[in-house]
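*Asks:* Got a structure for you, work_27.cif, holding mmCIF, C-alpha atoms.
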```
data_coords
#
loop_
_atom_site.label_atom_id
_atom_site.label_comp_id
_atom_site.auth_asym_id
_atom_site.auth_seq_id
_atom_site.Cartn_x
_atom_site.Cartn_y
_atom_site.Cartn_z
CA MET A 34 20.05 2.11 40.17
CA VAL A 35 22.02 1.43 37.03
CA SER A 36 21.98 -2.21 35.89
CA SER A 37 23.11 -4.26 32.94
CA ALA A 38 19.66 -3.84 31.38
CA ASP A 39 20.49 -0.18 30.83
CA VAL A 40 22.91 -1.24 28.10
CA GLN A 41 19.98 -2.39 25.96
CA ARG A 42 18.01 0.76 26.73
CA LEU A 43 20.85 3.07 25.70
CA PHE A 44 21.55 0.94 22.65
CA LEU A 45 17.91 1.06 21.47
CA GLN A 46 17.77 4.82 21.93
CA ALA A 47 20.79 5.21 19.68
CA ILE A 48 19.42 2.75 17.09
CA LEU A 49 15.97 4.36 16.88
CA SER A 50 17.49 7.79 16.33
CA ARG A 51 19.40 6.45 13.29
CA ARG A 52 16.70 4.09 11.92
CA ILE A 53 19.12 1.95 9.89
CA LEU A 54 22.87 1.51 10.27
CA SER A 55 25.71 -0.87 9.42
CA GLN A 56 26.82 -3.73 11.63
CA LYS A 57 30.16 -2.06 12.23
CA LEU A 58 28.53 1.10 13.56
CA ALA A 59 25.99 -0.85 15.61
CA ALA A 60 28.75 -2.87 17.29
CA LYS A 61 30.62 0.35 18.09
CA ILE A 62 27.48 1.81 19.70
CA TRP A 63 27.10 -1.36 21.76
CA GLU A 64 30.64 -0.95 23.02
CA LYS A 65 30.06 2.70 23.94
CA CYS A 66 26.86 1.81 25.81
CA ILE A 67 28.75 -0.74 27.91
CA ASP A 68 31.43 1.84 28.73
CA ALA A 69 28.80 4.41 29.73
CA VAL A 70 27.01 2.01 32.09
CA LYS A 71 30.23 0.74 33.69
CA GLU A 72 31.38 4.31 34.26
CA VAL A 73 28.31 4.91 36.44
CA ASN A 74 28.44 1.53 38.20
CA GLU A 75 31.87 -0.07 38.20
CA THR A 76 30.65 -3.14 40.07
CA LEU A 77 28.74 -4.43 37.03
CA ASP A 78 30.35 -7.42 35.38
CA ILE A 79 29.78 -6.47 31.73
CA GLU A 80 32.42 -7.06 29.10
CA TYR A 81 32.45 -6.12 25.46
CA ARG A 82 33.65 -8.79 23.04
CA ALA A 83 34.26 -8.13 19.38
CA ASP A 84 33.70 -11.73 18.20
CA ARG A 85 30.72 -12.61 16.04
CA GLN A 86 29.15 -15.00 18.55
CA SER A 87 28.96 -12.35 21.24
CA TRP A 88 27.39 -9.90 18.82
CA ASP A 89 24.79 -12.45 17.68
CA ASN A 90 23.90 -13.23 21.29
CA PHE A 91 23.42 -9.54 22.03
CA VAL A 92 21.22 -9.08 18.94
CA THR A 93 19.08 -12.03 20.06
CA SER A 94 18.67 -10.55 23.55
CA VAL A 95 17.58 -7.20 22.09
CA SER A 96 15.05 -8.89 19.79
CA ASP A 97 13.68 -10.91 22.71
CA ALA A 98 13.17 -7.71 24.68
CA LEU A 99 11.28 -6.14 21.73
CA SER A 100 9.18 -9.22 20.95
CA PRO A 101 6.20 -8.29 23.20
CA LEU A 102 5.86 -5.10 21.14
CA ASP A 103 5.91 -7.03 17.83
CA LEU A 104 9.26 -5.42 17.03
CA GLU A 105 12.52 -7.06 16.02
CA PHE A 106 16.14 -5.97 15.69
CA THR A 107 17.15 -7.64 12.46
CA HIS A 108 19.55 -7.26 9.55
CA MET A 109 19.87 -7.47 5.76
CA HIS A 110 22.73 -6.95 3.35
CA ASP A 111 22.75 -3.84 1.22
CA GLU A 112 22.31 -4.93 -2.41
CA VAL A 113 24.75 -2.36 -3.74
CA THR A 114 27.58 -2.36 -1.22
CA GLY A 115 27.04 -5.76 0.40
CA LYS A 116 27.27 -4.22 3.90
CA GLU A 117 25.30 -5.84 6.70
CA MET A 118 22.62 -3.32 7.75
CA TYR A 119 20.54 -3.41 10.97
CA ALA A 120 17.26 -1.78 11.98
CA VAL A 121 14.35 -2.14 14.38
CA VAL A 122 11.39 -3.29 12.28
CA ASN A 123 7.70 -3.80 12.89
CA ARG A 124 6.54 -7.34 12.24
CA ARG A 125 2.86 -6.46 12.09
CA GLY A 126 1.20 -5.01 9.02
CA ASP A 127 -2.21 -4.13 10.42
CA GLU A 128 -3.92 -0.76 10.13
CA ILE A 129 -2.76 0.36 13.56
CA ALA A 130 0.87 -0.24 12.62
CA GLN A 131 0.40 1.65 9.36
CA LEU A 132 -0.83 4.69 11.28
CA ALA A 133 2.45 4.87 13.21
CA THR A 134 4.16 6.95 10.54
CA GLU A 135 4.78 10.57 9.71
CA TYR A 136 2.89 10.24 6.42
CA SER A 137 -0.83 10.76 5.84
CA ALA A 138 -3.21 8.08 4.57
CA THR A 139 -3.10 9.59 1.08
CA GLU A 140 0.70 9.59 1.02
CA ILE A 141 0.79 5.98 2.23
CA ALA A 142 -1.63 4.98 -0.54
CA PHE A 143 0.58 6.76 -3.07
CA PHE A 144 3.67 4.95 -1.75
CA LYS A 145 1.91 1.59 -2.05
CA ALA A 146 0.89 2.40 -5.62
CA VAL A 147 4.48 3.27 -6.60
CA LEU A 148 5.75 0.22 -4.72
CA GLU A 149 3.39 -2.00 -6.70
CA GLN A 150 4.66 -0.66 -10.02
CA ILE A 151 8.25 -1.31 -8.90
CA MET A 152 7.49 -4.87 -7.87
CA LEU A 153 5.54 -5.59 -11.08
CA ALA A 154 8.07 -3.99 -13.42
CA PRO A 155 8.73 -6.21 -16.48
CA ASN A 156 12.04 -7.89 -17.29
CA GLU A 157 12.86 -8.10 -13.54
CA SER A 158 13.91 -4.45 -13.66
CA PHE A 159 12.31 -3.56 -10.29
CA CYS A 160 12.27 0.16 -11.04
CA VAL A 161 9.91 2.77 -12.36
CA SER A 162 10.51 6.05 -14.15
CA SER A 163 9.62 9.35 -12.53
CA LEU A 164 6.89 9.92 -15.11
CA ALA A 165 5.27 6.55 -14.39
CA ALA A 166 5.54 7.17 -10.65
CA LEU A 167 3.73 10.50 -10.94
CA ARG A 168 1.13 8.84 -13.13
CA GLU A 169 0.07 6.72 -10.16
CA VAL A 170 -1.75 9.75 -8.77
CA ASN A 171 -4.50 9.02 -11.31
CA SER A 172 -5.11 5.59 -9.76
CA LEU A 173 -5.77 7.05 -6.30
CA LYS A 174 -9.24 7.94 -5.11
CA THR A 175 -7.94 11.21 -3.70
CA ASN A 176 -7.34 14.76 -4.84
CA MET A 177 -3.52 14.65 -4.70
CA THR A 178 -1.99 16.83 -7.38
CA LYS A 179 1.06 16.06 -9.50
CA SER A 180 3.09 18.74 -7.72
CA GLN A 181 2.17 17.27 -4.34
CA ALA A 182 3.10 13.80 -5.59
CA GLU A 183 6.48 15.06 -6.78
CA THR A 184 7.15 16.59 -3.36
CA THR A 185 6.08 13.36 -1.67
CA LEU A 186 8.42 11.32 -3.87
CA GLY A 187 11.28 13.59 -2.84
CA SER A 188 10.37 12.96 0.79
CA PHE A 189 10.41 9.19 0.23
CA VAL A 190 13.93 9.47 -1.17
CA ALA A 191 15.14 11.83 1.56
CA ARG A 192 13.86 9.55 4.32
CA GLY A 193 15.40 6.46 2.78
CA TRP A 194 12.26 4.68 1.61
CA LEU A 195 13.12 4.87 -2.09
CA LEU A 196 16.27 5.23 -4.16
CA LYS A 197 16.48 7.51 -7.19
CA SER A 198 19.11 6.82 -9.82
CA LYS A 199 20.91 9.32 -12.01
CA LYS A 200 18.49 8.43 -14.79
CA GLY A 201 15.54 9.45 -12.62
CA ARG A 202 14.22 5.96 -11.90
CA TYR A 203 12.90 4.90 -8.50
CA SER A 204 13.69 1.58 -6.86
CA LEU A 205 13.45 -0.03 -3.43
CA SER A 206 15.91 0.95 -0.73
CA THR A 207 17.45 -1.30 1.87
CA ARG A 208 15.28 0.32 4.53
CA THR A 209 12.09 -0.51 2.62
CA MET A 210 13.14 -4.10 2.00
CA LEU A 211 14.16 -4.50 5.64
CA GLU A 212 11.23 -2.83 7.39
CA LEU A 213 8.53 -3.91 4.91
CA GLN A 214 9.82 -7.42 4.26
CA THR A 215 6.75 -9.06 5.82
CA TYR A 216 4.41 -6.93 3.71
CA LEU A 217 6.38 -7.63 0.54
CA ARG A 218 6.43 -11.38 1.09
CA ASN A 219 2.71 -11.52 1.85
CA THR A 220 1.62 -9.21 -0.96
CA TYR A 221 4.02 -10.04 -3.80
CA GLU A 222 4.79 -13.67 -3.16
CA GLY A 223 4.78 -14.54 -6.86
CA GLU A 224 6.95 -11.58 -7.90
CA LEU A 225 9.69 -11.78 -5.26
CA LEU A 226 13.11 -13.14 -6.11
CA GLU A 227 15.52 -14.65 -3.59
CA CYS A 228 19.27 -14.88 -3.82
CA THR A 229 20.39 -18.47 -4.34
CA ILE A 230 23.40 -17.87 -2.06
CA CYS A 231 22.15 -15.78 0.90
CA MET A 232 18.38 -16.38 0.46
CA GLU A 233 17.60 -12.68 0.91
CA LEU A 234 15.38 -10.64 -1.42
CA VAL A 235 16.90 -9.63 -4.75
CA THR A 236 16.04 -6.51 -6.75
CA ARG A 237 19.57 -5.91 -8.08
CA GLY A 238 22.03 -8.51 -9.32
CA VAL A 239 22.43 -11.14 -12.02
CA ALA A 240 20.43 -14.12 -13.30
CA CYS A 241 21.37 -17.32 -15.07
CA PHE A 242 20.76 -17.20 -18.82
CA THR A 243 19.46 -20.79 -18.97
CA PRO A 244 15.70 -20.81 -19.70
CA GLN A 245 13.55 -21.72 -16.67
CA CYS A 246 16.54 -21.54 -14.33
CA LYS A 247 15.66 -19.85 -11.02
CA THR A 248 19.16 -18.75 -10.05
CA ARG A 249 19.33 -15.10 -8.97
CA LEU A 250 22.36 -13.61 -7.20
CA HIS A 251 23.22 -10.30 -5.63
CA THR A 252 26.22 -8.68 -7.25
CA HIS A 253 28.28 -9.00 -4.05
CA CYS A 254 27.18 -12.64 -3.63
CA PHE A 255 28.09 -13.34 -7.25
CA ASN A 256 31.56 -11.81 -6.79
CA GLY A 257 32.16 -13.90 -3.69
CA TYR A 258 30.88 -17.02 -5.44
CA LYS A 259 33.32 -16.51 -8.33
CA ARG A 260 36.26 -16.41 -5.95
CA ARG A 261 35.28 -19.52 -4.03
CA GLN A 262 33.69 -21.84 -6.60
CA GLN A 263 34.01 -22.84 -10.22
CA MET A 264 32.16 -20.70 -12.73
CA ILE A 265 29.03 -22.85 -12.97
CA CYS A 266 25.42 -22.15 -12.10
CA PRO A 267 24.66 -23.41 -8.56
CA SER A 268 21.20 -24.59 -9.70
CA CYS A 269 21.34 -25.93 -13.26
CA GLY A 270 25.10 -26.52 -13.55
CA GLN A 271 25.46 -24.39 -16.70
CA SER A 272 29.00 -23.15 -17.25
CA TRP A 273 29.51 -19.42 -16.69
CA ALA A 274 33.13 -19.41 -17.81
CA ASP A 275 34.65 -17.45 -20.67
CA ALA A 276 32.07 -16.23 -23.21
CA ASN A 277 29.11 -17.46 -21.17
CA LEU A 278 29.91 -14.92 -18.45
CA ALA A 279 28.65 -12.12 -20.70
CA LYS A 280 25.37 -13.99 -21.21
CA LEU A 281 24.27 -13.54 -17.60
CA ARG A 282 21.12 -11.47 -17.49
CA PRO A 283 20.94 -8.37 -15.30
CA VAL A 284 18.38 -7.93 -12.53
CA GLY A 285 17.38 -4.41 -11.55
CA GLU A 286 17.67 -1.10 -13.38
CA ALA A 287 20.21 -2.57 -15.82
CA ALA A 288 17.36 -4.75 -17.17
CA TYR A 289 15.14 -1.72 -17.82
CA ARG A 290 14.09 -1.29 -21.43
CA GLU A 291 13.02 2.04 -22.84
CA GLY A 292 9.29 2.16 -23.46
CA GLN A 293 8.47 -0.87 -21.32
CA GLU A 294 5.96 1.15 -19.28
CA LEU A 295 4.68 3.41 -22.06
CA ASN A 296 0.93 3.96 -21.60
CA ARG A 297 0.67 0.77 -19.61
CA ARG A 298 -0.11 0.44 -15.94
CA ARG A 299 0.45 -2.94 -14.34
CA ALA A 300 -1.92 -4.20 -11.66
CA ARG A 301 -1.43 -7.07 -9.28
CA ARG A 302 -3.91 -9.89 -9.67
CA LYS A 303 -5.91 -9.97 -6.45
CA SER A 304 -6.70 -13.17 -4.65
CA SER A 305 -10.31 -14.37 -4.30
CA GLU A 306 -10.41 -13.21 -0.68
CA GLU A 307 -9.22 -9.71 -1.59
CA ALA A 308 -11.73 -9.53 -4.44
CA ASP A 309 -14.56 -10.55 -2.09
CA GLU A 310 -13.48 -7.90 0.40
CA ASP A 311 -13.47 -5.24 -2.33
CA GLU A 312 -16.96 -6.28 -3.43
CA GLU A 313 -18.22 -6.06 0.14
CA GLU A 314 -16.69 -2.60 0.55
CA ASP A 315 -18.28 -1.44 -2.72
CA ALA A 316 -21.64 -2.81 -1.62
CA GLU A 317 -21.37 -1.08 1.73
CA GLY A 318 -20.41 2.16 0.00
CA GLU A 319 -23.42 1.96 -2.31
CA GLY A 320 -25.69 1.30 0.66
CA GLU A 321 -24.33 4.31 2.50
CA VAL A 322 -24.79 6.56 -0.53
CA ASP A 323 -28.32 5.38 -1.35
CA GLY A 324 -29.46 5.05 2.25
CA GLU A 325 -32.78 3.59 1.04
CA GLY A 326 -34.23 0.16 0.52
CA GLU A 327 -36.36 -1.14 -2.28
CA ASN A 328 -39.43 0.76 -1.08
CA GLY A 329 -37.59 4.04 -0.63
CA TYR A 330 -37.00 3.62 3.12
CA GLY A 331 -33.78 3.06 4.99
CA GLU A 332 -32.93 -0.26 6.56
CA ASP A 333 -33.57 1.06 10.05
CA ASP A 334 -36.81 2.85 9.09
CA ALA A 335 -40.04 0.87 9.02
CA GLU A 336 -42.49 1.46 6.20
CA PRO A 337 -45.36 3.55 7.61
CA GLU A 338 -48.73 1.76 7.77
CA PRO A 339 -51.81 3.61 6.57
CA SER A 340 -53.95 4.79 9.46
CA GLN A 341 -57.69 5.31 9.57
CA ASN A 342 -57.26 9.06 9.34
CA GLN A 343 -55.21 8.73 6.18
CA PRO A 344 -57.10 8.00 2.94
CA ASP A 345 -56.18 4.88 1.12
CA GLN A 346 -53.68 5.41 -1.67
CA THR A 347 -55.82 3.55 -4.23
CA GLN A 348 -58.84 5.61 -3.36
CA GLN A 349 -56.84 8.79 -3.76
CA THR A 350 -55.66 7.53 -7.12
CA LYS A 351 -59.19 6.73 -8.25
CA GLY A 352 -60.45 10.09 -7.10
CA LYS A 353 -57.71 11.86 -8.96
CA GLY A 354 -58.53 9.79 -12.05
CA LYS A 355 -62.20 10.75 -11.94
CA ARG A 356 -61.43 14.42 -11.55
CA LYS A 357 -58.97 14.23 -14.39
CA ALA A 358 -61.51 12.49 -16.62
CA ALA A 359 -64.12 15.11 -15.79
CA ARG A 360 -61.71 17.87 -16.70
CA GLU A 361 -60.90 16.15 -19.99
CA GLU A 362 -64.61 15.80 -20.84
CA SER A 363 -65.20 19.45 -20.14
CA VAL A 364 -62.30 20.39 -22.32
CA ASP A 365 -63.56 18.17 -25.13
CA GLY A 366 -67.00 19.70 -24.82
CA ASP A 367 -65.57 23.17 -25.08
CA GLU A 368 -63.61 22.22 -28.17
CA GLU A 369 -66.67 20.78 -29.87
CA GLY A 370 -68.68 23.91 -29.16
CA GLU A 371 -66.15 26.35 -30.47
CA GLY A 372 -67.69 26.39 -33.97
CA GLU A 373 -71.29 27.21 -32.84
CA GLU A 374 -72.65 30.51 -31.62
CA THR A 375 -73.16 30.60 -28.01
CA PRO A 376 -76.66 31.90 -27.18
CA PRO A 377 -76.71 34.93 -24.97
CA PRO A 378 -77.49 34.23 -21.41
CA ARG A 379 -81.06 34.63 -20.37
CA THR A 380 -81.69 37.42 -17.97
CA GLN A 381 -84.01 36.65 -15.17
CA ARG A 382 -86.16 39.34 -13.82
CA ARG A 383 -85.84 39.93 -10.20
CA ARG A 384 -89.07 39.44 -8.42
CA SER A 385 -90.03 42.21 -6.21
CA SER A 386 -90.80 41.50 -2.66
CA ARG A 387 -93.77 43.85 -2.88
CA ARG A 388 -97.04 42.49 -3.98
#
```
Re-express the file's structure as structure tokens.
*Replies:*
Amino acid sequence: MVSSADVQRLFLQAILSRRILSQKLAAKIWEKCIDAVKEVNETLDIEYRADRQSWDNFVTSVSDALSPLDLEFTHMHDEVTGKEMYAVVNRRGDEIAQLATEYSATEIAFFKAVLEQIMLAPNESFCVSSLAALREVNSLKTNMTKSQAETTLGSFVARGWLLKSKKGRYSLSTRTMLELQTYLRNTYEGELLECTICMELVTRGVACFTPQCKTRLHTHCFNGYKRRQQMICPSCGQSWADANLAKLRPVGEAAYREGQELNRRRARRKSSEEADEDEEEDAEGEGEVDGEGENGYGEDDAEPEPSQNQPDQTQQTKGKGKRKAAREESVDGDEEGEGEETPPPRTQRRRSSRR
């Protein structure tokens, strides 16, 4: 029997097939799902409303339905266009969740390596050149080739995980920032920037030119702020009017400087817990490779005790030493006698048995 709950089911099917979509398209799909359910069962009292409150209530109901699965229907503004984008995201970052992807473990490790270089890019540029991205293959403990890495990078771009500019530089996409937001906040807490206006993550925008000022704005947030407020920094109060407007520093690819990543690979400073975990893994790996203890036996193997039938090791050693010494003496004796004539052997007459 068709019920009002089927609206959510149809809506989620349409959302999952598109992965990420704008709020305008998502609201249109919601309306179509209501029409489809009412066409089957006209007695249902379901009404579509285009106001923002109704939409927010529907989004909350969908997220509540997904909560037992550690999923959430959430949104984020596109940094370039400023459009409100929605997607179903996984709020767990464990190993099981990482396996639920079309990529292999090697490809996931490569993506994380490229992602780290983007997040640690100097000058708040949050991008990496294609050459530096391919260079990350050398940091992996796998046999991925450069040609395979180039194909994998193209797949990341095609599936919306990375963006590639006309200059060949890779940066984070809205899908990555939306679906991997929990991972980014937990892993790169010290490198993340938040917009002073909307409080969302910033990898493209502008920054205040005042030293030590923390103001960072998306371009679309900055344009809206100019129209509504005076041209002053919302944090430090520095004037942004007239000539000071050109002093605003860029955030993102516009802040990229040629040669900033030349022969240099940046690495995130690991916490003490992560370092301890790495040391434990290395120790376990060495134990598995060696497979022997101090005495040459494995941990699970007991050292064999000498039995009565087996000669004692020290006795064997002493016996070997005596035999060796005897051989050495005989050799020395032969050497000493080399200069003298050796008397012919005496022939013994054979006694006859006859008398």
*Asks:* Please expand the PyMOL selection byres ((chain A and resi 166) around 10) into the concrete residues it hits in this file, giving the result as an NGL selection string.
*Replies:* :A and (143-144 or 146-148 or 150-151 or 160-165 or 167-170 or 182-183 or 186 or 202-203)
*Asks:* Please enumerate the residues selected by the PyMOL selection byres ((chain A and resi 273) around 12) when evaluated against the supplied file, formatted as a list in words.
*Replies:*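 Applying the expression gives Val239, Ala240, Cys241, Phe242, Thr243, Phe255, Tyr258, Lys259, Gln262, Gln263, Met264, Ile265, Cys266, Pro267, Cys269, Gly270, Gln271, Ser272, Ala274, Asp275, Ala276, Asn277, Leu278, Ala279, Lys280, Leu281 and Arg282 of chain A.
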*Asks:* Save the residues we just selected, C-alpha atoms, as an mmCIF file, in the coordinates of the input?
*Replies:*
```cif
data_model
loop_
_atom_site.group_PDB
_atom_site.id
_atom_site.type_symbol
_atom_site.label_atom_id
_atom_site.label_comp_id
_atom_site.auth_asym_id
_atom_site.auth_seq_id
_atom_site.Cartn_x
_atom_site.Cartn_y
_atom_site.Cartn_z
ATOM 1 C CA VAL A 239 22.430 -11.140 -12.020
ATOM 2 C CA ALA A 240 20.430 -14.120 -13.300
ATOM 3 C CA CYS A 241 21.370 -17.320 -15.070
ATOM 4 C CA PHE A 242 20.760 -17.200 -18.820
ATOM 5 C CA THR A 243 19.460 -20.790 -18.970
ATOM 6 C CA PHE A 255 28.090 -13.340 -7.250
ATOM 7 C CA TYR A 258 30.880 -17.020 -5.440
ATOM 8 C CA LYS A 259 33.320 -16.510 -8.330
ATOM 9 C CA GLN A 262 33.690 -21.840 -6.600
ATOM 10 C CA GLN A 263 34.010 -22.840 -10.220
ATOM 11 C CA MET A 264 32.160 -20.700 -12.730
ATOM 12 C CA ILE A 265 29.030 -22.850 -12.970
ATOM 13 C CA CYS A 266 25.420 -22.150 -12.100
ATOM 14 C CA PRO A 267 24.660 -23.410 -8.560
ATOM 15 C CA CYS A 269 21.340 -25.930 -13.260
ATOM 16 C CA GLY A 270 25.100 -26.520 -13.550
ATOM 17 C CA GLN A 271 25.460 -24.390 -16.700
ATOM 18 C CA SER A 272 29.000 -23.150 -17.250
ATOM 19 C CA ALA A 274 33.130 -19.410 -17.810
ATOM 20 C CA ASP A 275 34.650 -17.450 -20.670
ATOM 21 C CA ALA A 276 32.070 -16.230 -23.210
ATOM 22 C CA ASN A 277 29.110 -17.460 -21.170
ATOM 23 C CA LEU A 278 29.910 -14.920 -18.450
ATOM 24 C CA ALA A 279 28.650 -12.120 -20.700
ATOM 25 C CA LYS A 280 25.370 -13.990 -21.210
ATOM 26 C CA LEU A 281 24.270 -13.540 -17.600
ATOM 27 C CA ARG A 282 21.120 -11.470 -17.490
#
```
*Asks:* Selected by the PyMOL selection byres ((chain A and resi 189-196) around 7) in the shown coordinates: which residues, as JSON, numbers by chain?
*Replies:* {"A": [185, 186, 187, 188, 197, 198, 203, 204, 205, 206, 208, 209]}
*Asks:* Those selected residues, please, written with C-alpha atoms and delivered as a PDB file, keeping the file's coordinate frame.
*Replies:*
```pdb
ATOM      1  CA  THR A 185       6.080  13.360  -1.670  1.00  0.00           C
ATOM      2  CA  LEU A 186       8.420  11.320  -3.870  1.00  0.00           C
ATOM      3  CA  GLY A 187      11.280  13.590  -2.840  1.00  0.00           C
ATOM      4  CA  SER A 188      10.370  12.960   0.790  1.00  0.00           C
ATOM      5  CA  LYS A 197      16.480   7.510  -7.190  1.00  0.00           C
ATOM      6  CA  SER A 198      19.110   6.820  -9.820  1.00  0.00           C
ATOM      7  CA  TYR A 203      12.900   4.900  -8.500  1.00  0.00           C
ATOM      8  CA  SER A 204      13.690   1.580  -6.860  1.00  0.00           C
ATOM      9  CA  LEU A 205      13.450  -0.030  -3.430  1.00  0.00           C
ATOM     10  CA  SER A 206      15.910   0.950  -0.730  1.00  0.00           C
ATOM     11  CA  ARG A 208      15.280   0.320   4.530  1.00  0.00           C
ATOM     12  CA  THR A 209      12.090  -0.510   2.620  1.00  0.00           C
TER      13      THR A 209
END
```
*Asks:* Compile the contact shell of Gln46 of chain A as a list in words: residues with an atom at most 12 Å away, counting all atoms listed in the file, same-chain residues fewer than 3 positions apart removed.
*Replies:*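 Here the qualifying residues turn out to be Asp39, Val40, Gln41, Arg42, Leu43, Leu49, Ser50, Arg51, Arg52, Ala59, Ile62, Trp63, Cys66, Ala120 and Val121 of chain A.
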*Asks:* To one decimal place in Å, what is the distance between atom CA of Gly292 of chain A and atom CA of Thr139 of chain A?
*Replies:*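 Separating atom CA of Gly292 of chain A from atom CA of Thr139 of chain A is a distance of 28.5 Å.
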*Asks:* Counting all atoms listed in the file, what is within 12 Å of Ser87 of chain A, bar same-chain residues fewer than 6 positions away, as a list in words?
*Replies:*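 That gives Ala60, Trp63, Glu64, Glu80, Tyr81, Thr93 and Ser94 of chain A.
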*Asks:* Find the distance between atom CA of Gly238 of chain A and atom CA of Met210 of chain A and write it in Å to one decimal.
*Replies:* 15.1 Å
*Asks:* Which is closest to Leu211 of chain A among A:Val35, A:Val235, A:Ala142, A:Ala288, if we use all atoms listed in the file?
*Replies:*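 Result for the nearest residue to Leu211 of chain A: A:Val235.
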*Asks:* What is the distance between atom CA of Phe44 of chain A and atom CA of Thr134 of chain A, in Å to one decimal?
*Replies:* 22.0 Å
*Asks:* Which is closer to Thr215 of chain A than all the others in A:Ile53, A:Ile67, A:Leu173, A:Val122, using all atoms listed in the file?
*Replies:*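 Of A:Ile53, A:Ile67, A:Leu173, A:Val122, the one nearest Thr215 of chain A, counting all atoms listed in the file, is A:Val122.
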